[in-house]
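Q: Just one file: start-v7.txt, with compact mmCIF, C-alpha atoms.
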# COMPACT_ATOMS: atom_id res chain seq x y z
CA MET R 4 27.01 -16.20 28.66
CA ASN R 5 23.60 -14.70 29.27
CA ASP R 6 22.08 -15.83 32.53
CA GLN R 7 18.52 -15.07 31.59
CA LYS R 8 18.28 -15.50 27.87
CA PRO R 9 17.16 -18.87 26.49
CA VAL R 10 19.28 -20.69 23.94
CA LEU R 11 17.54 -20.37 20.58
CA ALA R 12 17.72 -22.80 17.67
CA ILE R 13 16.56 -21.61 14.26
CA LEU R 14 15.53 -24.80 12.47
CA GLY R 15 15.71 -24.47 8.72
CA GLY R 16 17.83 -21.46 9.57
CA THR R 17 19.56 -21.35 6.19
CA GLY R 18 16.44 -20.45 4.20
CA LYS R 19 14.82 -17.14 3.35
CA GLU R 20 13.47 -16.04 6.73
CA GLY R 21 15.69 -17.86 9.23
CA PRO R 22 19.03 -16.08 8.76
CA GLY R 23 17.49 -12.64 9.25
CA LEU R 24 15.74 -13.63 12.48
CA ALA R 25 18.90 -15.38 13.67
CA LEU R 26 21.00 -12.31 12.91
CA ARG R 27 18.66 -10.11 14.96
CA TRP R 28 18.53 -12.41 17.97
CA ALA R 29 22.29 -12.96 17.96
CA HIS R 30 22.75 -9.19 17.78
CA ALA R 31 20.41 -8.85 20.78
CA GLY R 32 22.61 -11.23 22.77
CA TYR R 33 20.69 -14.49 22.57
CA PRO R 34 22.80 -17.68 22.48
CA LEU R 35 21.98 -18.91 19.03
CA ILE R 36 22.25 -22.09 17.00
CA ILE R 37 21.48 -22.40 13.29
CA GLY R 38 19.91 -25.71 12.33
CA SER R 39 19.66 -27.25 8.88
CA ARG R 40 19.16 -30.67 7.36
CA GLN R 41 22.84 -30.41 6.40
CA ALA R 42 25.26 -29.42 9.14
CA GLU R 43 27.64 -27.84 6.59
CA LYS R 44 24.99 -25.41 5.35
CA ALA R 45 24.12 -24.48 8.93
CA GLN R 46 27.78 -23.86 9.71
CA ALA R 47 28.13 -21.63 6.64
CA THR R 48 25.14 -19.49 7.67
CA ALA R 49 26.43 -19.32 11.25
CA ALA R 50 29.81 -18.15 9.95
CA GLU R 51 28.15 -15.41 7.89
CA ILE R 52 26.24 -14.15 10.93
CA ASN R 53 29.35 -14.26 13.11
CA ALA R 54 31.28 -12.30 10.48
CA GLN R 55 28.52 -9.70 10.10
CA LEU R 56 28.32 -9.15 13.86
CA GLY R 57 32.02 -9.57 14.65
CA ILE R 58 31.37 -12.43 17.07
CA ASP R 59 32.12 -16.15 17.11
CA THR R 60 29.36 -17.58 19.28
CA VAL R 61 26.74 -18.53 16.70
CA ARG R 62 26.98 -22.23 15.90
CA GLY R 63 25.61 -24.32 13.06
CA MET R 64 24.56 -27.97 13.17
CA GLU R 65 22.01 -30.48 11.97
CA ASN R 66 18.41 -29.63 12.96
CA SER R 67 17.87 -32.30 15.61
CA GLU R 68 21.18 -31.56 17.31
CA ALA R 69 20.37 -27.84 17.29
CA ALA R 70 16.95 -28.52 18.80
CA ARG R 71 18.48 -30.80 21.43
CA LEU R 72 20.80 -28.05 22.67
CA ALA R 73 18.19 -25.29 22.58
CA ASP R 74 15.67 -24.08 25.14
CA LEU R 75 13.35 -22.80 22.43
CA ALA R 76 13.30 -23.65 18.72
CA VAL R 77 11.95 -21.59 15.83
CA LEU R 78 10.92 -23.47 12.69
CA THR R 79 11.40 -21.40 9.53
CA VAL R 80 11.24 -23.97 6.75
CA VAL R 81 9.09 -23.82 3.62
CA GLN R 82 5.74 -25.58 3.90
CA SER R 83 6.83 -28.67 1.95
CA ALA R 84 9.62 -29.32 4.48
CA GLN R 85 7.57 -28.70 7.62
CA LEU R 86 6.38 -32.23 8.40
CA GLU R 87 9.76 -33.92 7.95
CA ALA R 88 11.49 -31.24 10.01
CA LEU R 89 8.97 -31.62 12.83
CA GLN R 90 9.34 -35.38 12.90
CA SER R 91 13.13 -35.07 13.09
CA VAL R 92 12.98 -32.93 16.24
CA ARG R 93 9.97 -34.46 17.96
CA GLU R 94 11.85 -36.31 20.67
CA VAL R 95 14.40 -33.63 21.55
CA LEU R 96 11.79 -30.85 21.82
CA GLN R 97 9.72 -32.50 24.57
CA GLY R 98 9.27 -30.02 27.42
CA LYS R 99 10.31 -27.07 25.27
CA ILE R 100 8.68 -24.40 23.11
CA LEU R 101 8.48 -24.70 19.32
CA VAL R 102 7.69 -21.54 17.38
CA ASP R 103 6.21 -22.37 13.97
CA ALA R 104 6.51 -19.67 11.29
CA THR R 105 5.03 -21.75 8.48
CA ALA R 106 2.62 -19.98 6.11
CA ARG R 107 0.99 -22.26 3.55
CA VAL R 108 0.86 -19.65 0.80
CA ASP R 109 2.37 -19.89 -2.68
CA PHE R 110 3.91 -16.54 -3.60
CA ARG R 111 3.10 -17.04 -7.29
CA ASP R 112 -0.52 -18.01 -6.68
CA PRO R 113 -1.44 -16.65 -3.25
CA ARG R 114 -4.62 -18.14 -1.78
CA PRO R 115 -5.84 -18.30 1.81
CA PRO R 116 -5.17 -21.71 3.32
CA ALA R 117 -7.96 -23.69 4.99
CA PRO R 118 -8.01 -24.64 8.67
CA PRO R 119 -6.42 -26.34 10.51
CA ALA R 120 -3.47 -23.98 10.87
CA ALA R 121 0.01 -25.20 9.98
CA ALA R 122 0.94 -24.71 13.62
CA ARG R 123 -1.90 -27.05 14.64
CA LEU R 124 -0.25 -29.72 12.51
CA ALA R 125 2.96 -28.99 14.42
CA GLN R 126 1.16 -29.45 17.74
CA ASP R 127 -0.36 -32.72 16.54
CA VAL R 128 3.01 -34.07 15.37
CA LEU R 129 4.95 -32.94 18.44
CA GLY R 130 2.34 -33.98 20.97
CA PRO R 131 1.18 -32.26 24.17
CA GLY R 132 4.68 -32.25 25.69
CA VAL R 133 5.77 -29.42 23.40
CA ARG R 134 4.25 -25.96 23.69
CA VAL R 135 3.67 -24.78 20.12
CA VAL R 136 3.43 -21.07 19.31
CA ALA R 137 2.63 -19.68 15.85
CA ALA R 138 4.44 -16.45 14.99
CA PHE R 139 6.60 -14.58 12.46
CA GLN R 140 4.70 -15.91 9.40
CA ASN R 141 4.49 -12.44 7.83
CA VAL R 142 7.80 -10.85 8.73
CA PRO R 143 9.41 -9.54 5.53
CA ALA R 144 12.78 -11.29 5.20
CA HIS R 145 14.47 -8.33 3.55
CA ALA R 146 13.55 -6.00 6.42
CA LEU R 147 15.38 -8.20 8.91
CA LYS R 148 18.76 -7.76 7.30
CA LYS R 149 19.11 -4.00 7.48
CA ASP R 150 19.29 -1.41 10.23
CA LEU R 151 19.88 -3.90 13.04
CA GLY R 152 19.17 -1.37 15.74
CA GLY R 153 15.90 -0.21 14.18
CA THR R 154 12.36 -1.48 14.37
CA ILE R 155 10.78 -3.95 11.96
CA PRO R 156 7.79 -2.39 10.18
CA THR R 157 5.29 -5.11 10.96
CA ASP R 158 3.35 -6.32 13.95
CA VAL R 159 3.69 -9.95 14.96
CA LEU R 160 0.48 -11.82 15.78
CA VAL R 161 1.30 -14.57 18.26
CA CYS R 162 -1.12 -17.51 18.57
CA SER R 163 -0.87 -20.35 21.05
CA ASP R 164 -3.07 -22.42 23.31
CA ASP R 165 -0.44 -21.71 26.01
CA VAL R 166 -0.53 -18.04 26.94
CA GLY R 167 2.69 -18.28 28.93
CA ALA R 168 4.60 -19.70 25.98
CA ALA R 169 3.10 -17.02 23.73
CA GLN R 170 4.30 -14.36 26.17
CA GLN R 171 7.89 -15.65 25.91
CA VAL R 172 7.67 -15.36 22.12
CA ILE R 173 6.23 -11.85 22.39
CA GLU R 174 9.32 -10.95 24.43
CA LEU R 175 11.57 -12.45 21.75
CA ALA R 176 9.86 -10.33 19.10
CA LYS R 177 10.13 -7.18 21.18
CA ALA R 178 13.80 -7.85 21.85
CA VAL R 179 14.51 -7.35 18.15
CA GLY R 180 12.34 -4.33 17.49
CA MET R 181 8.98 -5.84 16.56
CA ARG R 182 5.67 -5.08 18.19
CA ALA R 183 3.90 -8.30 19.04
CA TYR R 184 0.44 -9.19 20.33
CA TYR R 185 -1.21 -12.30 21.69
CA ALA R 186 -3.91 -13.06 19.10
CA GLY R 187 -5.63 -16.08 20.58
CA GLY R 188 -5.34 -19.84 20.36
CA LEU R 189 -3.34 -21.87 17.86
CA ASP R 190 -6.31 -22.27 15.52
CA ASN R 191 -6.32 -18.52 14.91
CA ALA R 192 -2.94 -18.86 13.21
CA VAL R 193 -4.63 -19.88 9.96
CA VAL R 194 -5.72 -16.24 9.62
CA VAL R 195 -2.15 -15.03 10.08
CA GLU R 196 -1.03 -17.46 7.39
CA GLY R 197 -3.76 -16.14 5.12
CA LEU R 198 -2.66 -12.56 5.72
CA THR R 199 0.44 -13.46 3.74
CA ALA R 200 -1.80 -14.00 0.70
CA LEU R 201 -3.46 -10.64 1.24
CA LEU R 202 -0.18 -8.80 1.68
CA ILE R 203 1.13 -10.34 -1.55
CA SER R 204 -2.07 -9.23 -3.31
CA ILE R 205 -1.77 -5.73 -1.88
CA ASN R 206 1.88 -5.47 -2.93
CA LYS R 207 1.02 -6.60 -6.46
CA HIS R 208 -1.87 -4.17 -6.85
CA TYR R 209 -0.05 -1.14 -5.49
CA GLY R 210 3.35 -1.94 -6.98
CA ALA R 211 4.79 -2.15 -3.48
CA LYS R 212 7.08 -4.64 -1.77
CA THR R 213 6.66 -3.87 1.89
CA ALA R 214 2.94 -3.94 2.71
CA SER R 215 2.58 -5.00 6.30
CA ILE R 216 -0.01 -5.34 8.99
CA GLY R 217 -0.41 -3.40 12.20
CA ILE R 218 -2.65 -3.54 15.25
CA SER R 219 -3.99 -0.41 16.89
CA GLY R 220 -6.62 0.56 19.40
CA ILE R 221 -5.49 -1.44 22.42
CA MET Q 25 -29.91 15.39 -5.88
CA ASN Q 26 -26.30 14.39 -6.29
CA ASP Q 27 -25.29 14.10 -9.90
CA GLN Q 28 -22.33 11.85 -9.31
CA LYS Q 29 -23.07 9.87 -6.21
CA PRO Q 30 -24.69 6.44 -6.57
CA VAL Q 31 -27.87 5.62 -4.69
CA LEU Q 32 -26.93 3.27 -1.85
CA ALA Q 33 -29.14 0.64 -0.23
CA ILE Q 34 -28.11 -0.80 3.12
CA LEU Q 35 -29.74 -4.23 3.21
CA GLY Q 36 -30.26 -5.47 6.72
CA GLY Q 37 -29.71 -1.85 7.58
CA THR Q 38 -31.50 -2.03 10.93
CA GLY Q 39 -28.95 -4.33 12.56
CA LYS Q 40 -25.74 -3.69 14.43
CA GLU Q 41 -23.47 -2.46 11.64
CA GLY Q 42 -25.85 -1.12 9.02
CA PRO Q 43 -27.24 1.99 10.74
CA GLY Q 44 -23.76 3.35 11.47
CA LEU Q 45 -22.58 2.94 7.90
CA ALA Q 46 -25.85 4.41 6.63
CA LEU Q 47 -25.53 7.40 8.94
CA ARG Q 48 -22.01 8.10 7.64
CA TRP Q 49 -22.91 7.83 3.98
CA ALA Q 50 -26.04 9.94 4.38
CA HIS Q 51 -23.96 12.54 6.18
CA ALA Q 52 -21.51 12.48 3.27
CA GLY Q 53 -24.34 13.26 0.87
CA TYR Q 54 -25.09 9.86 -0.64
CA PRO Q 55 -28.74 9.20 -1.55
CA LEU Q 56 -29.52 6.45 0.89
CA ILE Q 57 -32.15 3.76 1.42
CA ILE Q 58 -32.42 1.53 4.46
CA GLY Q 59 -33.58 -1.99 3.68
CA SER Q 60 -34.99 -4.57 6.07
CA ARG Q 61 -37.14 -7.67 5.91
CA GLN Q 62 -39.84 -5.51 7.48
CA ALA Q 63 -40.50 -2.15 5.85
CA GLU Q 64 -41.65 -0.65 9.18
CA LYS Q 65 -38.32 -1.38 10.86
CA ALA Q 66 -36.47 0.12 7.91
CA GLN Q 67 -38.61 3.23 8.08
CA ALA Q 68 -37.94 3.60 11.80
CA THR Q 69 -34.16 3.41 11.29
CA ALA Q 70 -34.39 5.85 8.39
CA ALA Q 71 -36.36 8.25 10.59
CA GLU Q 72 -33.68 8.06 13.29
CA ILE Q 73 -30.94 8.86 10.80
CA ASN Q 74 -32.93 11.73 9.32
CA ALA Q 75 -33.52 13.13 12.80
CA GLN Q 76 -29.87 12.81 13.78
CA LEU Q 77 -28.70 14.59 10.63
CA GLY Q 78 -31.58 17.07 10.37
CA ILE Q 79 -32.55 15.86 6.89
CA ASP Q 80 -35.53 14.04 5.40
CA THR Q 81 -34.05 12.23 2.43
CA VAL Q 82 -33.18 8.83 3.91
CA ARG Q 83 -35.92 6.32 3.12
CA GLY Q 84 -36.75 2.92 4.56
CA MET Q 85 -38.35 -0.02 2.75
CA GLU Q 86 -38.32 -3.77 2.33
CA ASN Q 87 -34.94 -5.17 1.22
CA SER Q 88 -35.84 -6.10 -2.35
CA GLU Q 89 -37.51 -2.76 -3.01
CA ALA Q 90 -34.47 -0.95 -1.56
CA ALA Q 91 -32.15 -3.00 -3.77
CA ARG Q 92 -34.31 -2.34 -6.82
CA LEU Q 93 -34.02 1.44 -6.38
CA ALA Q 94 -30.29 1.43 -5.57
CA ASP Q 95 -27.24 1.60 -7.79
CA LEU Q 96 -25.16 -0.23 -5.21
CA ALA Q 97 -26.27 -2.36 -2.26
CA VAL Q 98 -24.42 -3.15 0.96
CA LEU Q 99 -25.42 -6.32 2.81
CA THR Q 100 -24.96 -6.01 6.57
CA VAL Q 101 -26.99 -8.91 7.96
CA VAL Q 102 -25.85 -11.52 10.44
CA GLN Q 103 -24.49 -14.69 8.92
CA SER Q 104 -27.62 -16.75 9.53
CA ALA Q 105 -29.67 -14.28 7.49
CA GLN Q 106 -27.24 -13.92 4.59
CA LEU Q 107 -28.53 -16.60 2.21
CA GLU Q 108 -32.20 -15.63 2.46
CA ALA Q 109 -31.38 -11.95 2.04
CA LEU Q 110 -29.30 -12.66 -1.07
CA GLN Q 111 -32.03 -14.77 -2.63
CA SER Q 112 -34.57 -12.01 -2.03
CA VAL Q 113 -32.54 -9.44 -3.98
CA ARG Q 114 -31.01 -11.66 -6.66
CA GLU Q 115 -33.16 -10.45 -9.56
CA VAL Q 116 -33.13 -6.74 -8.78
CA LEU Q 117 -29.36 -6.58 -8.31
CA GLN Q 118 -28.44 -7.83 -11.77
CA GLY Q 119 -26.00 -5.38 -13.37
CA LYS Q 120 -25.21 -3.73 -10.04
CA ILE Q 121 -22.62 -4.02 -7.26
CA LEU Q 122 -23.31 -5.92 -4.05
CA VAL Q 123 -20.99 -5.27 -1.12
CA ASP Q 124 -21.01 -8.18 1.34
CA ALA Q 125 -19.91 -7.40 4.91
CA THR Q 126 -20.67 -10.86 6.30
CA ALA Q 127 -18.13 -12.31 8.76
CA ARG Q 128 -18.86 -15.89 9.82
CA VAL Q 129 -17.52 -15.47 13.33
CA ASP Q 130 -19.37 -16.07 16.59
CA PHE Q 131 -18.48 -13.35 19.09
CA ARG Q 132 -18.84 -15.74 22.03
CA ASP Q 133 -16.70 -18.47 20.47
CA PRO Q 134 -14.55 -16.79 17.83
CA ARG Q 135 -12.93 -19.20 15.35
CA PRO Q 136 -11.51 -18.59 11.90
CA PRO Q 137 -14.00 -19.67 9.22
CA ALA Q 138 -12.96 -22.04 6.43
CA PRO Q 139 -12.92 -21.15 2.75
CA PRO Q 140 -14.89 -20.41 0.66
CA ALA Q 141 -15.45 -16.84 1.82
CA ALA Q 142 -18.97 -15.70 2.69
CA ALA Q 143 -18.73 -13.26 -0.21
CA ARG Q 144 -17.97 -16.16 -2.57
CA LEU Q 145 -21.31 -17.64 -1.51
CA ALA Q 146 -22.88 -14.29 -2.38
CA GLN Q 147 -21.30 -14.37 -5.82
CA ASP Q 148 -22.52 -17.92 -6.39
CA VAL Q 149 -26.08 -17.05 -5.34
CA LEU Q 150 -26.26 -13.79 -7.29
CA GLY Q 151 -24.57 -15.09 -10.43
CA PRO Q 152 -22.05 -13.45 -12.76
CA GLY Q 153 -24.37 -10.51 -13.53
CA VAL Q 154 -23.70 -8.98 -10.11
CA ARG Q 155 -20.27 -7.68 -9.18
CA VAL Q 156 -19.68 -8.79 -5.59
CA VAL Q 157 -17.22 -6.94 -3.36
CA ALA Q 158 -16.31 -8.03 0.19
CA ALA Q 159 -15.66 -5.17 2.61
CA PHE Q 160 -16.47 -3.65 6.00
CA GLN Q 161 -16.45 -7.01 7.87
CA ASN Q 162 -14.29 -5.61 10.68
CA VAL Q 163 -15.54 -2.07 11.09
CA PRO Q 164 -16.42 -1.54 14.75
CA ALA Q 165 -20.10 -0.58 14.89
CA HIS Q 166 -19.69 1.71 17.88
CA ALA Q 167 -17.01 3.77 16.13
CA LEU Q 168 -19.37 4.64 13.29
CA LYS Q 169 -21.85 6.47 15.46
CA LYS Q 170 -19.61 9.12 16.94
CA ASP Q 171 -17.58 12.03 15.60
CA LEU Q 172 -19.18 12.00 12.16
CA GLY Q 173 -16.54 14.27 10.67
CA GLY Q 174 -13.64 12.21 12.00
CA THR Q 175 -11.82 9.18 10.71
CA ILE Q 176 -12.67 5.58 11.57
CA PRO Q 177 -9.76 3.87 13.33
CA THR Q 178 -9.56 0.83 11.07
CA ASP Q 179 -8.40 0.04 7.57
CA VAL Q 180 -10.86 -1.60 5.22
CA LEU Q 181 -9.58 -4.54 3.17
CA VAL Q 182 -11.57 -4.70 -0.05
CA CYS Q 183 -11.65 -8.00 -1.97
CA SER Q 184 -13.28 -8.59 -5.33
CA ASP Q 185 -12.64 -10.39 -8.58
CA ASP Q 186 -13.66 -7.11 -10.26
CA VAL Q 187 -11.03 -4.45 -9.57
CA GLY Q 188 -13.21 -1.66 -10.92
CA ALA Q 189 -16.05 -2.53 -8.55
CA ALA Q 190 -13.58 -2.76 -5.67
CA GLN Q 191 -12.31 0.72 -6.54
CA GLN Q 192 -15.84 2.12 -6.24
CA VAL Q 193 -16.13 0.60 -2.78
CA ILE Q 194 -12.73 1.99 -1.79
CA GLU Q 195 -14.07 5.44 -2.71
CA LEU Q 196 -17.17 4.83 -0.58
CA ALA Q 197 -14.96 3.94 2.38
CA LYS Q 198 -12.75 6.97 1.89
CA ALA Q 199 -15.79 9.24 1.63
CA VAL Q 200 -16.62 8.48 5.26
CA GLY Q 201 -13.13 8.65 6.75
CA MET Q 202 -11.81 5.12 6.39
CA ARG Q 203 -8.59 4.11 4.71
CA ALA Q 204 -9.26 1.28 2.29
CA TYR Q 205 -7.07 -1.01 0.20
CA TYR Q 206 -7.65 -3.49 -2.58
CA ALA Q 207 -6.60 -6.79 -1.04
CA GLY Q 208 -7.05 -9.22 -3.92
CA GLY Q 209 -9.77 -11.50 -5.24
CA LEU Q 210 -12.99 -12.49 -3.53
CA ASP Q 211 -11.46 -15.68 -2.10
CA ASN Q 212 -9.11 -13.57 0.01
CA ALA Q 213 -12.10 -12.28 1.95
CA VAL Q 214 -12.07 -15.38 4.14
CA VAL Q 215 -8.96 -13.95 5.79
CA VAL Q 216 -10.72 -10.66 6.49
CA GLU Q 217 -13.60 -12.60 8.05
CA GLY Q 218 -11.07 -14.48 10.18
CA LEU Q 219 -9.44 -11.26 11.33
CA THR Q 220 -12.66 -10.63 13.23
CA ALA Q 221 -11.88 -13.70 15.35
CA LEU Q 222 -8.34 -12.44 15.99
CA LEU Q 223 -9.49 -8.95 16.92
CA ILE Q 224 -12.01 -10.41 19.38
CA SER Q 225 -9.22 -12.56 20.87
CA ILE Q 226 -6.91 -9.56 21.11
CA ASN Q 227 -9.60 -7.45 22.77
CA LYS Q 228 -10.32 -10.20 25.31
CA HIS Q 229 -6.65 -10.73 26.18
CA TYR Q 230 -5.79 -7.05 26.54
CA GLY Q 231 -9.06 -5.94 28.09
CA ALA Q 232 -9.69 -3.66 25.14
CA LYS Q 233 -12.70 -3.01 22.95
CA THR Q 234 -11.28 -1.28 19.93
CA ALA Q 235 -8.44 -3.42 18.55
CA SER Q 236 -8.27 -2.82 14.83
CA ILE Q 237 -6.12 -3.62 11.86
CA GLY Q 238 -4.02 -1.31 9.73
CA ILE Q 239 -1.96 -1.60 6.57
CA SER Q 240 1.35 0.19 6.19
CA GLY Q 241 4.35 0.12 3.91
CA ILE Q 242 2.70 0.88 0.58
Reformat the file's structure so that it appears as structure tokens.

A:
Amino acid sequence: MNDQKPVLAILGGTGKEGPGLALRWAHAGYPLIIGSRQAEKAQATAAEINAQLGIDTVRGMENSEAARLADLAVLTVVQSAQLEALQSVREVLQGKILVDATARVDFRDPRPPAPPAAARLAQDVLGPGVRVVAAFQNVPAHALKKDLGGTIPTDVLVCSDDVGAAQQVIELAKAVGMRAYYAGGLDNAVVVEGLTALLISINKHYGAKTASIGISGI
Amino acid sequence: MNDQKPVLAILGGTGKEGPGLALRWAHAGYPLIIGSRQAEKAQATAAEINAQLGIDTVRGMENSEAARLADLAVLTVVQSAQLEALQSVREVLQGKILVDATARVDFRDPRPPAPPAAARLAQDVLGPGVRVVAAFQNVPAHALKKDLGGTIPTDVLVCSDDVGAAQQVIELAKAVGMRAYYAGGLDNAVVVEGLTALLISINKHYGAKTASIGISGI
């Protein structure tokens, strides 16, 4: 049991991005719960992470139950599933932090999304009792699964109207080898979503797979 | 006379960003014309650049005359002046490249702008006979004026529907010590505009002045 570390729930944690983030946080010692619409899928992903790390503490359960038991939840579903997922956890997240990693960009036809940011939708659905933080929209899923002790070659831009909540998420990112910066209020997150479209375009043009963004000069 | 280098016009070249870019390109040997709504102001800026570099080849004139004599024009006006400037050079730019550096972000109240990108407006105003490229929206003006031989601590994201035109602008950026990348079609430029809002937010939060963006992993 970690005295200081919050219990994390990765909602939609069986998708493309969620398992890699979960693996990293579990490896860093965070109590971790995988959430999914189907408890069985969540349990299967939890079992994979436990096996990879040689532990048995990662649990899997339905999204709302995972959110209920967590101190902080990270939403890593695809855009089309975002609204339903948010509605299913609205009640149990009151008083907590929700990290929204949604990027409204189609990988086959990448275009910058219009404001408001996906995370602003999350704030509107969840209401003022939940502190919403936008982060991790651009983290390359494949980079999360290798070299667990190493750094992730991207910087995380963290947007929230609540600077204190953002700071907690910055610490979460740093704990698993990412540099992270507070990049302003929640509305700024639309730019971070749009960066996904640019990184896809850059990868296509240069025949690369791992274009990523970094901040310097501060 | 440079055989290979295009003649550049910096439209709105007496503002905040234009003189620094002009200084760099003139130093790199590009034939250079400063444009302004008022020929006298353009001539004064040209004289300053000539004095700083110990040359006498930089000229100043009214925007449309500068654009008429140039092979490639760079628009560096504030947002409120963009439309009028574009209309004044529409005819003389046909068949040429227009680089639009407009970022629709208020420094006192930075918010991400909505699509369409400012450079898309430029393309619509100028018509299909002008190849519009969006670039240089985030280059810190103060960095351009010092250490002329050094590199500029930011990466330039170059967006255009015409890859060949974008490549010419990438070469222009590289010629003055900036790394530059093709970042997709003109519509992607709205994200680069929005990055200005994020960089302002980052600077405010961290008490910095020089936050900048970089691309890695390609």

Q: Identify, on the basis of all atoms listed in the file, every residue whose closest approach to Glu86 (chain Q) does not exceed 8 Å; exclude the query and any residue fewer than 2 positions from it along the same chain; express the result as a ChimeraX atom specification.

A: /Q:59-63,66,84,88-90

Q: Provide as JSON, numbers by chain the residues of chain Q at most 9 Å from chain R, counting only C-alpha atoms.

A: {"Q": [134, 135, 136, 137, 138, 139, 140, 177, 178, 181, 205, 206, 207, 208, 209, 211, 212, 213, 214, 215, 216, 217, 218, 219, 221, 222, 223, 224, 225, 226, 227, 228, 229, 230, 231, 232, 233, 234, 235, 236, 237, 238, 239, 240, 241, 242]}

Q: Looking at R:Ile173, R:Leu129, R:Ala47, R:Ala168, which one is nearest to Leu86 (chain R), with distances taken over all atoms listed in the file?

A: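 Looking at the shortest contact to Leu86 (chain R), the residue is R:Leu129.
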
Q: Provide the CA of Ala183 (chain R) to CA of Ala122 (chain R) distance in Å, to one decimal place.

A: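 Those two atoms sit 17.5 Å apart.
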
Q: So what do you get for CA of Glu43 (chain R) versus CA of Arg62 (chain R), distance-wise?

A: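 Atom-to-atom, CA of Glu43 (chain R) and CA of Arg62 (chain R) are spaced 10.9 Å apart.
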
Q: So the first atom is CA of Gly174 (chain Q) and the second is CA of Ala70 (chain Q); what is the distance between them in Å, to one decimal place?

A: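 Answer for the CA of Gly174 (chain Q) to CA of Ala70 (chain Q) separation: 22.0 Å.
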
Q: Could you list, as number ranges by chain, every residue within 10 Å of Gly42 (chain Q), counting only C-alpha atoms and ignoring same-chain residues fewer than 3 positions away?

A: Q: 33-39, 45-47, 58-59, 69, 98-101, 125, 165, 168

Q: So that I can see what lies close to Met181 (chain R), please list as a list in words the residues with an atom at most 6 Å from it, counting all atoms listed in the file and leaving out residues fewer than 2 positions away in the same chain.

A: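 My list of contacting residues is Thr154, Ile155, Ala176, Lys177 and Val179 of chain R.
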
Q: Given the selection you just returned, output its residues as a file containing C-alpha atoms, formatted as a compact mmCIF listing (two decimals), in the frame of the given file.

A:
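File written: part-v5.txt
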# COMPACT_ATOMS: atom_id res chain seq x y z
CA THR R 154 12.36 -1.48 14.37
CA ILE R 155 10.78 -3.95 11.96
CA ALA R 176 9.86 -10.33 19.10
CA LYS R 177 10.13 -7.18 21.18
CA VAL R 179 14.51 -7.35 18.15

Q: Within 12 Å of Lys29 (chain Q), counting all atoms listed in the file, which residues qualify if same-chain residues fewer than 2 places away don't, as number ranges by chain?

A: Q: 25-27, 31-32, 49-50, 52-56, 94-96, 192, 195-196, 199

Q: For Val161 (chain R), which residue out of R:Glu51, R:Asp59, R:Asp109, R:Asp103 is the nearest one, using only C-alpha atoms?

A: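 Checking each of R:Glu51, R:Asp59, R:Asp109, R:Asp103 against Val161 (chain R), counting only C-alpha atoms, the winner is R:Asp103.
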